[in-house]
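With mmCIF, C-alpha atoms; chains and numbers go by the auth columns inside, this is query-v4.cif:
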```
data_start
loop_
_atom_site.group_PDB
_atom_site.id
_atom_site.type_symbol
_atom_site.label_atom_id
_atom_site.label_comp_id
_atom_site.label_asym_id
_atom_site.label_seq_id
_atom_site.Cartn_x
_atom_site.Cartn_y
_atom_site.Cartn_z
_atom_site.B_iso_or_equiv
_atom_site.auth_seq_id
_atom_site.auth_asym_id
ATOM 1 C CA MET A 1 -3.820 -12.609 -41.991 0.00 787 D
ATOM 2 C CA ARG A 2 -5.043 -9.810 -39.718 0.00 788 D
ATOM 3 C CA ALA A 3 -7.449 -12.186 -37.945 0.00 789 D
ATOM 4 C CA ILE A 4 -4.635 -14.648 -37.236 0.00 790 D
ATOM 5 C CA VAL A 5 -2.424 -11.914 -35.803 0.00 791 D
ATOM 6 C CA LEU A 6 -5.264 -10.640 -33.580 0.00 792 D
ATOM 7 C CA LEU A 7 -6.046 -14.170 -32.413 0.00 793 D
ATOM 8 C CA LEU A 8 -2.380 -14.769 -31.622 0.00 794 D
ATOM 9 C CA ILE A 9 -2.075 -11.489 -29.694 0.00 795 D
ATOM 10 C CA GLY A 10 -5.271 -12.246 -27.770 0.00 796 D
ATOM 11 C CA THR A 11 -3.981 -15.674 -26.832 0.00 797 D
ATOM 12 C CA LEU A 12 -0.604 -14.396 -25.667 0.00 798 D
ATOM 13 C CA ALA A 13 -2.084 -11.457 -23.755 0.00 799 D
ATOM 14 C CA THR A 14 -4.470 -13.662 -21.757 0.00 800 D
ATOM 15 C CA PRO A 15 -3.203 -14.507 -18.278 0.00 801 D
ATOM 16 C CA SER A 16 -2.467 -18.118 -17.499 0.00 802 D
ATOM 17 C CA TYR A 17 -4.921 -19.566 -15.012 0.00 803 D
ATOM 18 C CA GLY A 18 -3.047 -22.861 -14.844 0.00 804 D
ATOM 19 C CA GLN A 19 -0.728 -21.606 -12.116 0.00 805 D
ATOM 20 C CA GLY A 20 -1.379 -22.620 -8.539 0.00 806 D
ATOM 21 C CA PRO A 21 -2.689 -20.073 -6.056 0.00 807 D
ATOM 22 C CA ALA A 22 -0.150 -17.900 -4.298 0.00 808 D
ATOM 23 C CA GLU A 23 0.376 -18.669 -0.638 0.00 809 D
ATOM 24 C CA LEU A 24 -0.176 -15.853 1.808 0.00 810 D
ATOM 25 C CA GLY A 25 2.344 -15.321 4.546 0.00 811 D
ATOM 26 C CA PRO A 26 1.416 -15.563 8.219 0.00 812 D
ATOM 27 C CA ASN A 27 1.125 -11.773 8.543 0.00 813 D
ATOM 28 C CA THR A 28 -1.270 -10.588 5.863 0.00 814 D
ATOM 29 C CA ASN A 29 -2.610 -7.601 7.775 0.00 815 D
ATOM 30 C CA GLU A 30 -0.751 -4.483 6.648 0.00 816 D
ATOM 31 C CA HIS A 31 -3.196 -2.118 8.349 0.00 817 D
ATOM 32 C CA PRO A 32 -0.829 -1.089 11.194 0.00 818 D
ATOM 33 C CA PHE A 33 1.961 -0.439 8.683 0.00 819 D
ATOM 34 C CA GLN A 34 -0.290 1.694 6.487 0.00 820 D
ATOM 35 C CA CYS A 35 -1.610 3.685 9.431 0.00 821 D
ATOM 36 C CA GLY A 36 1.880 4.081 10.838 0.00 822 D
ATOM 37 C CA ALA A 37 3.124 5.468 7.547 0.00 823 D
ATOM 38 C CA ALA A 38 0.205 7.893 7.401 0.00 824 D
ATOM 39 C CA PHE A 39 0.781 8.986 11.004 0.00 825 D
ATOM 40 C CA ALA A 40 4.493 9.575 10.365 0.00 826 D
ATOM 41 C CA ILE A 41 3.752 11.578 7.221 0.00 827 D
ATOM 42 C CA MET A 42 1.090 13.676 8.938 0.00 828 D
ATOM 43 C CA ALA A 43 3.407 14.361 11.883 0.00 829 D
ATOM 44 C CA LYS A 44 6.069 15.624 9.466 0.00 830 D
ATOM 45 C CA VAL A 45 3.549 17.758 7.538 0.00 831 D
ATOM 46 C CA TYR A 46 2.214 19.419 10.680 0.00 832 D
ATOM 47 C CA GLN A 47 5.753 19.895 11.993 0.00 833 D
ATOM 48 C CA GLU A 48 6.753 21.709 8.798 0.00 834 D
ATOM 49 C CA ALA A 49 3.546 23.753 8.938 0.00 835 D
ATOM 50 C CA GLY A 50 4.434 24.885 12.457 0.00 836 D
ATOM 51 C CA ASP A 51 1.585 23.145 14.295 0.00 837 D
ATOM 52 C CA ALA A 52 3.473 21.388 17.083 0.00 838 D
ATOM 53 C CA ASN A 53 0.313 20.161 18.860 0.00 839 D
ATOM 54 C CA LYS A 54 -1.042 18.184 15.914 0.00 840 D
ATOM 55 C CA ALA A 55 2.454 17.009 14.982 0.00 841 D
ATOM 56 C CA GLY A 56 2.853 15.662 18.512 0.00 842 D
ATOM 57 C CA ASP A 57 -0.526 13.940 18.383 0.00 843 D
ATOM 58 C CA TYR A 58 0.351 12.110 15.168 0.00 844 D
ATOM 59 C CA GLN A 59 3.820 11.261 16.465 0.00 845 D
ATOM 60 C CA THR A 60 2.218 9.745 19.583 0.00 846 D
ATOM 61 C CA LYS A 61 -0.119 7.640 17.401 0.00 847 D
ATOM 62 C CA PHE A 62 2.882 6.473 15.378 0.00 848 D
ATOM 63 C CA ASP A 63 4.868 5.629 18.520 0.00 849 D
ATOM 64 C CA LYS A 64 1.973 3.534 19.876 0.00 850 D
ATOM 65 C CA LEU A 65 2.003 1.420 16.701 0.00 851 D
ATOM 66 C CA VAL A 66 5.769 0.957 16.866 0.00 852 D
ATOM 67 C CA ASP A 67 5.626 -0.507 20.366 0.00 853 D
#
```
Give the structure from the file, written as structure tokens.
Amino acid sequence: MRAIVLLLIGTLATPSYGQGPAELGPNTNEHPFQCGAAFAIMAKVYQEAGDANKAGDYQTKFDKLVD
């Protein structure tokens, strides 16, 4: 009985490979978004730490990606 239950669980837990491949959208490069998020976060961190120069540098990098 235990072997049947384990076999059944193993079968149900296995992913189905019969599905077709997922289609990728036209814009699959998220690199600018990820960098932009990092630049915005770092600008905020340096602003809260009181380092206006580095905060400005990261804000400038973020603004360049937005344009």
Computed gap from CA of Tyr844 (chain D) to CA of Val831 (chain D) is 10.0 Å
A straight line from CA of Ala829 (chain D) to CA of Thr846 (chain D) spans 9.1 Å
Selection result for the PyMOL selection byres ((chain D and resi 822) around 10) on this file, as a list of chain:residue names
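When the PyMOL selection byres ((chain D and resi 822) around 10) is applied to the shown file, the picked residues are D:Glu816, D:His817, D:Pro818, D:Phe819, D:Gln820, D:Cys821, D:Ala823, D:Ala824, D:Phe825, D:Ala826, D:Ile827, D:Met828, D:Tyr844, D:Gln845, D:Lys847, D:Phe848, D:Asp849, D:Lys850, D:Leu851, D:Val852.
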